Amino acid sequence: MSSPARMQSRSVLFTCFLLLSPAGFLSVRAQSIAGRVADGTSGAAIVGARVTAVPLGGVAAATIATDTDPTGQFTLRLFSPGRVVLTLSRIGYSTRVDTLDVPEAGLLRLFELQPAAVRLDSVAVEARSRSHLNITPPTSKAHLVSGSDLLKLEEMGVSMEQAIRRLPGLRFRQVRFPRYGMRTCVESIRRIMSMRESTCESVVLVIDDVLITDPGDVADELKTLRISEMESIQMIPPTEAQIRFGLEGGARGVIQMYRRGWGPYVSPDRNPKKQ
């Protein structure tokens, strides 16, 4: 059997398996793209692959994105049927780009990604004495807003959101959350911005080593927290965030905070010794 015929046969068999197998059931909805992303060598499901669809033409053209679930499956609901450019990517694999014609009834397919070596950014680890902390000037942006910086910002009457804006690699927009109403959504600029007002793919917030992942909860915490309560605020770079907090942290970005008297950046200016 020729290679194209063999690939077509695999696609047909996979589609039948999805529709008939109780364990792998996946149906396609109208105006949707549904499928499974698998390793092109082993056939194993690829978890956490980024799937992005860009509809071509029309006033409703907008970018739509999602990640594959623990079984490697995904569903993207389009605004309307038609031609889209579908991009699938995952660290450790070559990015795949397909142009697809999505009918009114929807499209169900298997997508395979080929393994590829990826060189990650290096992670620098620096140790220093608490008595020799590098103090960041209050008008500049840095990955760390230290206790001494927070003390100065507190005296200036700066809000928590204004302090967060000092960190690099972030964007801010207003989003309406079902439970909280209008809040500021803080997202990594590495994420594709949703065109929907109610969608926020916020950074992960870590307070005293407790992870907060729900975007609504993150937005509410950032609104209610006060600078006077905090010891340090730090933006964790993507590579380090993935190592420390997993795939979600690496994909969405992480802001790590410690309350006063806690964490690796305790400042003597922030916590003067009692006489």
# chains A, B, ... in the order shown; residues from 1 in each chain; ligands from 1

call {"tool": "residues_around", "arguments": {"residues": "segment 202-218 of chain A", "least_positions_apart": "3", "cutoff": "8 Å", "atoms": "only C-alpha atoms", "output": "list of chain:residue names"}}
result
A:Phe177, A:Arg179, A:Tyr180, A:Cys185, A:Val186, A:Glu187, A:Ser188, A:Glu221, A:Leu222, A:Glu248, A:Gly249, A:Arg252, A:Gly253, A:Val254, A:Ile255, A:Gln256, A:Met257, A:Tyr258, A:Arg259, A:Trp262, A:Gly263

call {"tool": "write_last_selection", "arguments": {"atoms": "C-alpha atoms", "output": "PDB file, in the first residue's frame"}}
result
ATOM      1  CA  PHE A 177     -15.755  37.672  35.237  1.00  0.00           C
ATOM      2  CA  ARG A 179     -18.276  35.821  39.864  1.00  0.00           C
ATOM      3  CA  TYR A 180     -16.434  39.105  40.293  1.00  0.00           C
ATOM      4  CA  CYS A 185      -6.808  40.543  33.562  1.00  0.00           C
ATOM      5  CA  VAL A 186      -3.013  40.180  33.780  1.00  0.00           C
ATOM      6  CA  GLU A 187      -1.636  38.003  30.979  1.00  0.00           C
ATOM      7  CA  SER A 188       1.779  37.085  29.650  1.00  0.00           C
ATOM      8  CA  GLU A 221      -6.590  38.641  44.576  1.00  0.00           C
ATOM      9  CA  LEU A 222      -4.624  41.269  42.655  1.00  0.00           C
ATOM     10  CA  GLU A 248       0.556  25.512  33.121  1.00  0.00           C
ATOM     11  CA  GLY A 249       3.073  27.792  34.808  1.00  0.00           C
ATOM     12  CA  ARG A 252       0.740  31.145  31.285  1.00  0.00           C
ATOM     13  CA  GLY A 253       3.604  32.707  33.234  1.00  0.00           C
ATOM     14  CA  VAL A 254       3.906  33.006  37.022  1.00  0.00           C
ATOM     15  CA  ILE A 255       3.862  35.945  39.424  1.00  0.00           C
ATOM     16  CA  GLN A 256       5.232  34.863  42.792  1.00  0.00           C
ATOM     17  CA  MET A 257       4.531  36.889  45.943  1.00  0.00           C
ATOM     18  CA  TYR A 258       5.543  36.570  49.566  1.00  0.00           C
ATOM     19  CA  ARG A 259       3.876  38.251  52.496  1.00  0.00           C
ATOM     20  CA  TRP A 262       8.437  35.404  54.303  1.00  0.00           C
ATOM     21  CA  GLY A 263      10.405  34.245  51.288  1.00  0.00           C
TER      22      GLY A 263
END

call {"tool": "closest_residue", "arguments": {"among": "A:Cys200, A:Ala116, A:Leu110, A:Ile33", "to": "Val85 of chain A", "atoms": "only C-alpha atoms"}}
result
A:Ile33

call {"tool": "select_by_dssp", "arguments": {"residues": "segment 71-269 of chain A", "states": "strand (DSSP E)", "output": "NGL selection string"}}
result
:A and (73-77 or 82-89 or 96-102 or 107-113 or 144-145 or 170-177 or 181-188 or 204-207 or 210-212 or 230-236 or 254-259)

call {"tool": "closest_residue", "arguments": {"among": "A:Met156, A:Leu144, A:Val175, A:Leu247", "to": "Met235 of chain A", "atoms": "only C-alpha atoms"}}
result
A:Leu144

call {"tool": "residues_around", "arguments": {"residues": "segment 37-51 of chain A", "least_positions_apart": "3", "cutoff": "7 Å", "atoms": "only C-alpha atoms", "output": "ChimeraX atom specification"}}
result
/A:65-73,87-90,110-114

call {"tool": "atom_distance", "arguments": {"atom1": "atom CA of Gly147 of chain A", "atom2": "atom CA of Arg226 of chain A"}}
result
13.1 Å

call {"tool": "closest_residue", "arguments": {"among": "A:Ile227, A:Leu167, A:Leu107, A:Val102", "to": "Leu151 of chain A", "atoms": "only C-alpha atoms"}}
result
A:Ile227

call {"tool": "residues_around", "arguments": {"residues": "Ala117 of chain A", "least_positions_apart": "4", "cutoff": "10 Å", "atoms": "only C-alpha atoms", "output": "short mmCIF file (atom, residue, chain, number, x, y, z; two decimals) with N, CA and C atoms, in the first residue's frame"}}
result
data_model
loop_
_atom_site.label_atom_id
_atom_site.label_comp_id
_atom_site.auth_asym_id
_atom_site.auth_seq_id
_atom_site.Cartn_x
_atom_site.Cartn_y
_atom_site.Cartn_z
N ILE A 91 6.40 21.89 23.06
CA ILE A 91 7.83 21.82 23.25
C ILE A 91 8.31 20.39 23.06
N GLY A 92 9.39 20.22 22.30
CA GLY A 92 9.91 18.90 21.99
C GLY A 92 9.42 18.34 20.67
N TYR A 93 8.55 19.14 19.95
CA TYR A 93 8.01 18.70 18.66
C TYR A 93 8.09 19.83 17.64
N SER A 94 8.16 19.45 16.37
CA SER A 94 8.12 20.44 15.30
C SER A 94 6.70 21.00 15.19
#
